[in-house]
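Engineer: This is the structure I have questions about; it appears just below.
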Amino acid sequence: MTLRKKTLLIISITFFFLLGLLYFISRLIVMNGFISIEKRDTIKHTQRALSALYNEIKNLDIIVADYAAWDDSYQFIQDGNQAFIDATLPVTTFNSLKVNVILYVQFPNTIIFAKAVDLDSGEEMAFPKGLDAHLSSDSPLLKQLDTPQHHSSGVLVIPEGILLISSRPILTSERKGPVNGVIIMGRYLDDPAIQRLSDVTQLSLSIQRIDSSNMPIDFQKAISNFSHENPIVVDTLSSNLISGYVQVQDLYQKTCMIIRMNSSRDIFQQGHLTINYFIVSVLMIGFVLGLVILFLIERIILSRLSRLDKEIKTIQNEKDLSARVLVRGKDELTHFSETINEMLGALEQSQIELKSHRDILEELVKNRTQELRNTNQCLRDEIVERQRLSEELQKAKDAAESASRAKTTFLANMSHELRTPLNIILGYAKILEHYPELSKKEQEAVHAIYQSGEALLTMINDLLDITKIEKQEIQLEPGEFHLPNWLRKIFDFHRIQAKEKGLVLDFDTDPELPDMVYGDEKRLRQVLRNLLINAIKFTKQGRVIIKVKCVDMVNQKCARVRFEIQDTGIGISQDRLEKIFDAFHSIDTDRLYSDGVGIGLNLSQRLLALMGGTLYVESTPNKGSIFWFEIQLQFVEHYTKTDESDYPEALEQVEISETLIVPPIEELKILYDFSQMGDIDSIITHIMMLKKENPKYGVFIDKLNFFAENFMIEEIQEFIYAYINRSTE
C-alpha cells in the first residue's frame with residue numbers, strides 16, 4: 001500500500017472514529033438532557049392531571065356544602081317531608097349539578113333519602129348497592145361528622161364504578177347545629193367524566209381501577225415501580241409516546257386507582273433532529289478539511305518523497321555508491337536527504353574496507369577449520385570413553401539392586417524361620433513364669449526371657465512387614481467395621497499391660513465419631529498398637545491417653561479422623577525427633593527401655609502412607625510425648641446398629657455362662673498372651689494340656705478350640721478377655 005493510500009486511510013479512519021465518538025457523546029450527554037427535560041415535563045403534566053381530579057372533588061364538595069348549610073335541608077333531615085323532595089331533589093337537579101347519587105342520612109345511620117340518576121340518559125336508575133357497605137357508623141362518610149366543622153370528600157371504588165364523593169353535616173343556614181344527619185353526593189368517574197378532565201387539562205388521560213382483573217401490562221409495570229420516593233412513575237411506551245402514572249387514594253387512604261397521562265415525545269424527537277443536523281454539519285466540515293490536508297501533504301511531503309525514492313532506486317540499479325541524491329529546502333526531508341548522502345559515503349568507504357578484510361577472513365577461516373577438525377576428533381574419543389563408563393555404572397546399579405532384592409528375600413525367609421521356634425520359647429516361658437515351684441530369682445529370669453522373646457518377635461514381625469512393603473507385597477484390605485467397638489477392643493487389650501506397669505490407660509472419643517466406617521482395620525490396629533506399646537514401654541509412671549476425634553467432614557460420606565496417643569513418659573529430645581521415623585533408629589539409647597532396633601515407628605509411618613496419612617510427634621524430655629495422625633474414613637450408611645458393648649458375631653453365638661467352669665485367671669492370661677502373639681499352635685497345645693489336667697474345663701476348652709481351629713484370633717481374644725474381666729470383678 002502506498003504512502004498516499006495509507007495517509008488517506010488514516011485520515012478517513014480518524015475522522016470517522018472522531019465522528020462516531022462525537023455522535024456517541026452527543027447521544028449520551030445531549031440526549032440525556034432532552035430525556036431529563038421530557039421526564040420532568042411528563043411529571044408536571046401528570047401532577048396537573050391529578051390536580052384536575054382533586055379540583056373536581058373540591059367543586060363537588062362546594063356543592064355539598066351549599067346544600068348542607070340550608071334551613072330546608074336541616075328541616076328535611078328532621079321530618080323527611082315530601083315537599084322538599086319534590087321541590088329540591090327532582091332529576092333535573094341531578095343533571096344541573098352533574099351528580100349521580102344524593103343521600104340524606106339521619107344519625108346514627110338511618111337513610112332518609114337515597115336516589116341515583118344516569119346523567120347520560122337523564123333518567124333515574126337503581127341506587128348502587130355497593131355504597132351500602134360504606135354507610136356504617138365507622139365509615140369515613142359518617143364518622144366524626146356529628147360536629148359542624150368536619151366533612152369528608154374523596155374517591156370511593158364500588159362494584160358499580162368509581163365515585164367522586166363528598167359528605168358534610170347538615171346545619172342551618174347560619175351553619176349551626178346540633179347536627180342530626182349528613183348529606184352525601186357522588187359523581188361517577190366514567191368515560192364522559194374522564195373525557196371532561198382531558199378537555200380541561202388538554203391531556204390524554206385514562207384511569208384503571210387497582211382491583212381490575214384485566215389491567216394492561218404498562219399499568220402493572222407502573223405499580224411495581226411506585227415507591228415513597230417515586231409517587232409518579234414515568235415510562236416510555238414507544239419512540240413516539242411517553243406516559244406518566246400516579247396513584248390515587250380513596251377515603252380509606254388506600255390506593256384505589258391509577259391515572260395514566262399519555263404525551264407525544266416532541267422533546268425527544270426534537271433532540272434527535274438537533275443531533276442529526278449537528279452530525280451532518282460536522283461531516284461536511286470534516287470532508288472539506290480532509291481535502292485541504294491531503295492537498296498540503298501531497299504538495300509538501302509526498303511529492304518530494306516520491307522524487308527521493310526515484311533517485312535512490314537509480315543508485316541501486318546502477319550500483320554506483322559514489323552518486324548522491326539532490327538536496328533542496330531546509331526542513332526534515334532536507335535533513336533526511338543529507339543523511340542518505342552521508343550513508344552512501346559511509347557505504348562506499350565500507351566497501352573498500354570490506355574487500356581488505358575479506359582476504360584476512362579467508363585465511364582465518366582456513367586456520368579455524370583445521371582447529372575444529374582436531375576438536376571433533378577429541379570429542380569423539382571422549383564420547384566413547386563416557387559410553388564405557390555408563391555401561392560400567394549400569395552394571396554396578398544392577399548388582400546393587402540384585403543385592404537389595406537378595407537382602408529383602410533373606411530377611412523375609414529369616415523372619416518366617418525364626419517365628420516358629422520363638423513362639424514355642426515364648427509359650428513355655430509364659431507357662432514357667434506361673435509355676436509356684438520357681439524361686440523369685442528364677443521367675444525374674446524367666447520373665448526376662450519372655451520379655452526379650454516378645455520384643456524379638458515384634459521386631460521380626462515388623463521386619464517381615466517392612467520387607468513386604470519394600471517388595472510392594474502389602475496391599476490394603478479395606479472393609480466395614482464398627483469404629484467405637486473396634487476402639488474399645490484395642491483399649492481393653494492394652495489396659496491389662498498398662499495396669500501391670502502401674503499405669504492408667506484413659507480413653508477419650510468424640511461423640512461425633514461415625515459408627516460404621518470403611519477402611520483397613522487390620523493395618524490401622526497395627527499402627528495404634530505400635531504406638532500404644534511404645535507409650536506404655538517408655539512411661540514409668542503416670543498415664544497414657546488414647547484420643548480419637550472427628551476433625552473435618554470432607555463430605556457427607558467421608559470424614560477425617562484424628563488418632564492421638566499421649567503419654568507422660570521419658571520424652572524425646574529435639575535433636576532426635578527428626579530421626580525417630582528412620583528405620584533401625586532407636587528412640588533413646590542412653591536410657592532405660594532402650595531395647596528394640598527402631599523399626600516400629602518407621603513401619604507405622606509406611607503403613608499410614610498407604611492409607612493416605614502421616615505420623616507426627618511432639619515431645620518434651622521428662623514430660624512425655626504426643627503421637628498423632630489423621631486419615632480419611634468413609635461412612636457406611638446401611639447397617640444394623642448394635643450396642644457398643646456387643647461382641648463380634650462369632651462370639652455372640654457363645655453365651656458367657658455364669659455356671660461354666662473356666663481355668664484359673666493365671667492360665668487365662670497365658671492363653672490371652674498366646675492370642676496376642678497370634679500363636680495358634682501354642683493355644684491348642686496349652687488348652688489340651690488343661691483339659692487333660694482337669695476335664696471340668698471341657699466345655700470352655702471346646703468352645704475355645706473351635707475358634708483356634710478356624711484361626712479366629714480376635715474372637716479368641718474377646719472370648720478369653722470376657723472371662724478375665726469376670727474373674728477380676
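How things are named: the first chain in the C-alpha cells is A, the next is B, and so on; residues count from 1 in each chain; ligands count from 1 in the order shown.
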Show me, as a PDB file with N, CA, C and O atoms, in the first residue's frame, the residues that have an atom within 12 Å of A:Asp79 when counting only C-alpha atoms, minus same-chain residues fewer than 2 positions from it.

Structural biologist:
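The result, written out as out.pdb:
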```
ATOM      1  N   ASP A  72     -83.782  24.469  54.884  1.00  0.00           N
ATOM      2  CA  ASP A  72     -84.701  23.458  54.344  1.00  0.00           C
ATOM      3  C   ASP A  72     -84.133  22.051  54.525  1.00  0.00           C
ATOM      4  O   ASP A  72     -84.848  21.106  54.869  1.00  0.00           O
ATOM      5  N   SER A  73     -82.832  21.921  54.260  1.00  0.00           N
ATOM      6  CA  SER A  73     -82.204  20.605  54.448  1.00  0.00           C
ATOM      7  C   SER A  73     -82.220  20.224  55.917  1.00  0.00           C
ATOM      8  O   SER A  73     -82.425  19.044  56.270  1.00  0.00           O
ATOM      9  N   TYR A  74     -81.998  21.203  56.797  1.00  0.00           N
ATOM     10  CA  TYR A  74     -81.985  20.935  58.229  1.00  0.00           C
ATOM     11  C   TYR A  74     -83.360  20.468  58.696  1.00  0.00           C
ATOM     12  O   TYR A  74     -83.465  19.538  59.516  1.00  0.00           O
ATOM     13  N   GLN A  75     -84.424  21.104  58.127  1.00  0.00           N
ATOM     14  CA  GLN A  75     -85.782  20.703  58.492  1.00  0.00           C
ATOM     15  C   GLN A  75     -86.116  19.326  57.920  1.00  0.00           C
ATOM     16  O   GLN A  75     -86.742  18.496  58.572  1.00  0.00           O
ATOM     17  N   PHE A  76     -85.622  19.062  56.667  1.00  0.00           N
ATOM     18  CA  PHE A  76     -85.926  17.798  55.998  1.00  0.00           C
ATOM     19  C   PHE A  76     -85.316  16.611  56.739  1.00  0.00           C
ATOM     20  O   PHE A  76     -85.936  15.557  56.858  1.00  0.00           O
ATOM     21  N   ILE A  77     -84.137  16.782  57.270  1.00  0.00           N
ATOM     22  CA  ILE A  77     -83.487  15.657  57.939  1.00  0.00           C
ATOM     23  C   ILE A  77     -84.205  15.304  59.237  1.00  0.00           C
ATOM     24  O   ILE A  77     -84.059  14.185  59.764  1.00  0.00           O
ATOM     25  N   ASN A  81     -90.049  15.599  54.985  1.00  0.00           N
ATOM     26  CA  ASN A  81     -91.250  15.991  54.274  1.00  0.00           C
ATOM     27  C   ASN A  81     -91.094  15.776  52.779  1.00  0.00           C
ATOM     28  O   ASN A  81     -90.020  15.993  52.198  1.00  0.00           O
ATOM     29  N   GLN A  82     -92.165  15.359  52.128  1.00  0.00           N
ATOM     30  CA  GLN A  82     -92.156  15.032  50.691  1.00  0.00           C
ATOM     31  C   GLN A  82     -92.055  16.284  49.847  1.00  0.00           C
ATOM     32  O   GLN A  82     -91.519  16.259  48.728  1.00  0.00           O
ATOM     33  N   ALA A  83     -92.523  17.386  50.390  1.00  0.00           N
ATOM     34  CA  ALA A  83     -92.476  18.628  49.614  1.00  0.00           C
ATOM     35  C   ALA A  83     -91.045  19.019  49.295  1.00  0.00           C
ATOM     36  O   ALA A  83     -90.735  19.492  48.197  1.00  0.00           O
ATOM     37  N   PHE A  84     -90.155  18.824  50.217  1.00  0.00           N
ATOM     38  CA  PHE A  84     -88.734  19.143  49.966  1.00  0.00           C
ATOM     39  C   PHE A  84     -88.175  18.263  48.858  1.00  0.00           C
ATOM     40  O   PHE A  84     -87.418  18.725  47.998  1.00  0.00           O
ATOM     41  N   ILE A  85     -88.583  16.998  48.868  1.00  0.00           N
ATOM     42  CA  ILE A  85     -88.081  16.085  47.834  1.00  0.00           C
ATOM     43  C   ILE A  85     -88.597  16.508  46.476  1.00  0.00           C
ATOM     44  O   ILE A  85     -87.838  16.557  45.485  1.00  0.00           O
ATOM     45  N   TYR A 104     -79.494  11.452  52.004  1.00  0.00           N
ATOM     46  CA  TYR A 104     -79.672  12.147  53.261  1.00  0.00           C
ATOM     47  C   TYR A 104     -79.718  11.066  54.337  1.00  0.00           C
ATOM     48  O   TYR A 104     -80.582  10.169  54.299  1.00  0.00           O
ATOM     49  N   GLN A 106     -79.785  10.208  58.449  1.00  0.00           N
ATOM     50  CA  GLN A 106     -80.003  10.690  59.813  1.00  0.00           C
ATOM     51  C   GLN A 106     -79.195   9.822  60.778  1.00  0.00           C
ATOM     52  O   GLN A 106     -79.123   8.598  60.618  1.00  0.00           O
ATOM     53  N   ILE A 112     -82.705   8.683  55.087  1.00  0.00           N
ATOM     54  CA  ILE A 112     -83.964   9.416  54.907  1.00  0.00           C
ATOM     55  C   ILE A 112     -84.313   9.513  53.433  1.00  0.00           C
ATOM     56  O   ILE A 112     -85.469   9.394  53.035  1.00  0.00           O
ATOM     57  N   PHE A 113     -83.257   9.695  52.614  1.00  0.00           N
ATOM     58  CA  PHE A 113     -83.486   9.846  51.179  1.00  0.00           C
ATOM     59  C   PHE A 113     -82.278   9.278  50.460  1.00  0.00           C
ATOM     60  O   PHE A 113     -81.130   9.513  50.856  1.00  0.00           O
ATOM     61  N   ASN A 180     -77.887  16.626  63.046  1.00  0.00           N
ATOM     62  CA  ASN A 180     -78.784  15.473  63.120  1.00  0.00           C
ATOM     63  C   ASN A 180     -78.558  14.480  61.990  1.00  0.00           C
ATOM     64  O   ASN A 180     -79.101  13.375  62.007  1.00  0.00           O
ATOM     65  N   GLY A 181     -77.774  14.863  60.991  1.00  0.00           N
ATOM     66  CA  GLY A 181     -77.541  13.965  59.860  1.00  0.00           C
ATOM     67  C   GLY A 181     -76.525  14.539  58.901  1.00  0.00           C
ATOM     68  O   GLY A 181     -75.945  15.611  59.133  1.00  0.00           O
TER      69      GLY A 181
END
```

Engineer: Tell me, which residues of stretch 189-264 of chain A carry DSSP alpha helix (DSSP H), written as an mmCIF file with C-alpha atoms, in the first residue's frame?

Structural biologist:
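Wrote result-v7.cif, looks like this:
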```cif
data_model
loop_
_atom_site.group_PDB
_atom_site.id
_atom_site.type_symbol
_atom_site.label_atom_id
_atom_site.label_comp_id
_atom_site.auth_asym_id
_atom_site.auth_seq_id
_atom_site.Cartn_x
_atom_site.Cartn_y
_atom_site.Cartn_z
ATOM 1 C CA ASP A 191 -65.679 7.779 30.400
ATOM 2 C CA PRO A 192 -67.519 11.110 29.833
ATOM 3 C CA ALA A 193 -66.150 12.425 33.146
ATOM 4 C CA ILE A 194 -62.626 11.338 32.191
ATOM 5 C CA GLN A 195 -63.044 12.997 28.787
ATOM 6 C CA ARG A 196 -64.097 16.231 30.506
ATOM 7 C CA LEU A 197 -60.909 16.084 32.614
ATOM 8 C CA SER A 198 -58.882 15.539 29.429
ATOM 9 C CA ASP A 199 -60.554 18.523 27.756
ATOM 10 C CA VAL A 200 -59.932 20.730 30.783
ATOM 11 C CA THR A 201 -56.250 19.770 31.092
ATOM 12 C CA ILE A 217 -49.220 -4.539 31.268
ATOM 13 C CA ASP A 218 -47.932 -0.958 31.421
ATOM 14 C CA PHE A 219 -50.174 -0.255 34.464
ATOM 15 C CA GLN A 220 -48.888 -3.439 36.165
ATOM 16 C CA LYS A 221 -45.313 -2.356 35.483
ATOM 17 C CA ALA A 222 -46.008 1.083 36.946
ATOM 18 C CA ILE A 223 -47.474 -0.461 40.135
ATOM 19 C CA SER A 224 -44.253 -2.421 40.712
ATOM 20 C CA ASN A 225 -42.196 0.806 40.375
#
```

Engineer: Could you state the separation of atom CA of A:Asp520 and atom CA of A:Phe538 in Å, given to one decimal place?

Structural biologist: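 So the answer is 27.6 Å.
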
Engineer: Tell me which of A:Leu668, A:Ile626, A:Val234, A:Leu577 sits closest to A:Ile43, counting only C-alpha atoms.

Structural biologist: A:Val234

Engineer: So how many Å separate atom CA of A:Leu89 and atom CA of A:Ala68, to one decimal?

Structural biologist: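 We find that atom CA of A:Leu89 and atom CA of A:Ala68 lie 13.5 Å from each other.
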
Engineer: Tell me which protein, DNA and RNA residues are within 7 Å of A:Val155, counting only C-alpha atoms, leaving out same-chain ones fewer than 3 positions away, and put them as a PyMOL selection string.

Structural biologist: chain A and resi 163-165+250-251

Engineer: Export N, CA and C atoms of the chosen residues as a CSV table (one decimal), in the first residue's frame?

Structural biologist:
```
chain,number,residue,atom,x,y,z
A,163,LEU,N,-66.5,6.5,42.2
A,163,LEU,CA,-67.3,7.6,42.6
A,163,LEU,C,-66.4,8.7,43.2
A,164,LEU,N,-66.6,9.9,42.7
A,164,LEU,CA,-66.1,11.1,43.4
A,164,LEU,C,-67.2,11.5,44.4
A,165,ILE,N,-66.9,11.5,45.7
A,165,ILE,CA,-67.9,11.6,46.7
A,165,ILE,C,-67.6,12.6,47.7
A,250,ASP,N,-58.2,6.4,48.1
A,250,ASP,CA,-59.7,6.6,48.4
A,250,ASP,C,-59.9,7.2,49.8
A,251,LEU,N,-61.1,7.2,50.2
A,251,LEU,CA,-61.4,7.7,51.6
A,251,LEU,C,-60.7,7.0,52.7
```

Engineer: Show me, as a list of chain:residue names, the residues that have an atom within 8 Å of A:Ile716 when counting only C-alpha atoms, minus same-chain residues fewer than 5 positions from it.

Structural biologist: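 These residues fall inside the cut-off: A:Tyr672, A:Ser675, A:Leu704, A:Phe707, A:Ala708.
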
Engineer: So that I can see what lies close to A:Lys430, please list as number ranges by chain the residues with an atom at most 12 Å from it, counting only C-alpha atoms and leaving out residues fewer than 3 positions away in the same chain.

Structural biologist: A: 423-427, 433-435, 443-451, 453-454, 666-674, 677, 682-683, 686

Engineer: Calculated over only C-alpha atoms, which of the candidates A:Pro663, A:Pro621, A:Gly80, A:Pro478 has the smallest distance to A:Glu521?

Structural biologist: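 Smallest separation from A:Glu521 among the options: A:Pro478.
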
Engineer: Could you state the separation of atom CA of A:Lys129 and atom CA of A:Glu160 in Å, given to one decimal place?

Structural biologist: 8.1 Å

Engineer: Just the residues within 12 Å of A:Asp492, please, counting only C-alpha atoms, with nothing from its chain fewer than 4 positions along; format it as a VMD selection string.

Structural biologist: chain A and resid 485 to 488 496 to 499 505 to 507 529 532 546 645 717 to 718 720 to 722 724 to 725

Engineer: With only C-alpha atoms as the atoms that count, which of A:Leu438, A:Leu393, A:Leu50, A:Ile111 lies nearest to A:Ile258?

Structural biologist: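 Of the candidates, the smallest distance to A:Ile258 is held by A:Leu50.
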
Engineer: I want to know what sits within 9 Å of A:Arg4, based on only C-alpha atoms, with residues of the same chain fewer than 6 positions away left out; could you give that as a list of chain:residue names?

Structural biologist: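 The contact residues come out as A:Leu294, A:Ile297, A:Glu298, A:Leu302.
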
Engineer: Would you output that residue set with N, CA and C atoms, as a CSV table (one decimal), in the first residue's frame?

Structural biologist:
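And here's out.csv as it stands now:
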```csv
chain,number,residue,atom,x,y,z
A,294,LEU,N,-5.1,16.7,2.7
A,294,LEU,CA,-4.5,15.9,1.7
A,294,LEU,C,-3.7,16.7,0.6
A,297,ILE,N,-0.4,17.8,2.2
A,297,ILE,CA,0.5,16.7,2.4
A,297,ILE,C,1.2,16.3,1.1
A,298,GLU,N,0.3,16.3,0.0
A,298,GLU,CA,0.8,15.9,-1.3
A,298,GLU,C,1.9,16.9,-1.8
A,302,LEU,N,4.6,14.3,0.1
A,302,LEU,CA,4.6,13.1,-0.7
A,302,LEU,C,5.3,13.3,-2.0
```

Engineer: Quick one: pick out all strand (DSSP E) residues within stretch 263-484 of chain A from a backbone DSSP run and write them as a PDB file with C-alpha atoms, in the first residue's frame.

Structural biologist:
```pdb
ATOM      1  CA  SER A 263     -47.987  12.505  25.829  1.00  0.00           C
ATOM      2  CA  SER A 264     -46.218  12.614  22.466  1.00  0.00           C
ATOM      3  CA  GLY A 479     -13.727 -53.477  54.865  1.00  0.00           C
ATOM      4  CA  GLU A 480     -16.633 -52.363  57.024  1.00  0.00           C
ATOM      5  CA  PHE A 481     -16.168 -52.271  60.799  1.00  0.00           C
ATOM      6  CA  HIS A 482     -17.795 -50.658  63.848  1.00  0.00           C
TER       7      HIS A 482
END
```
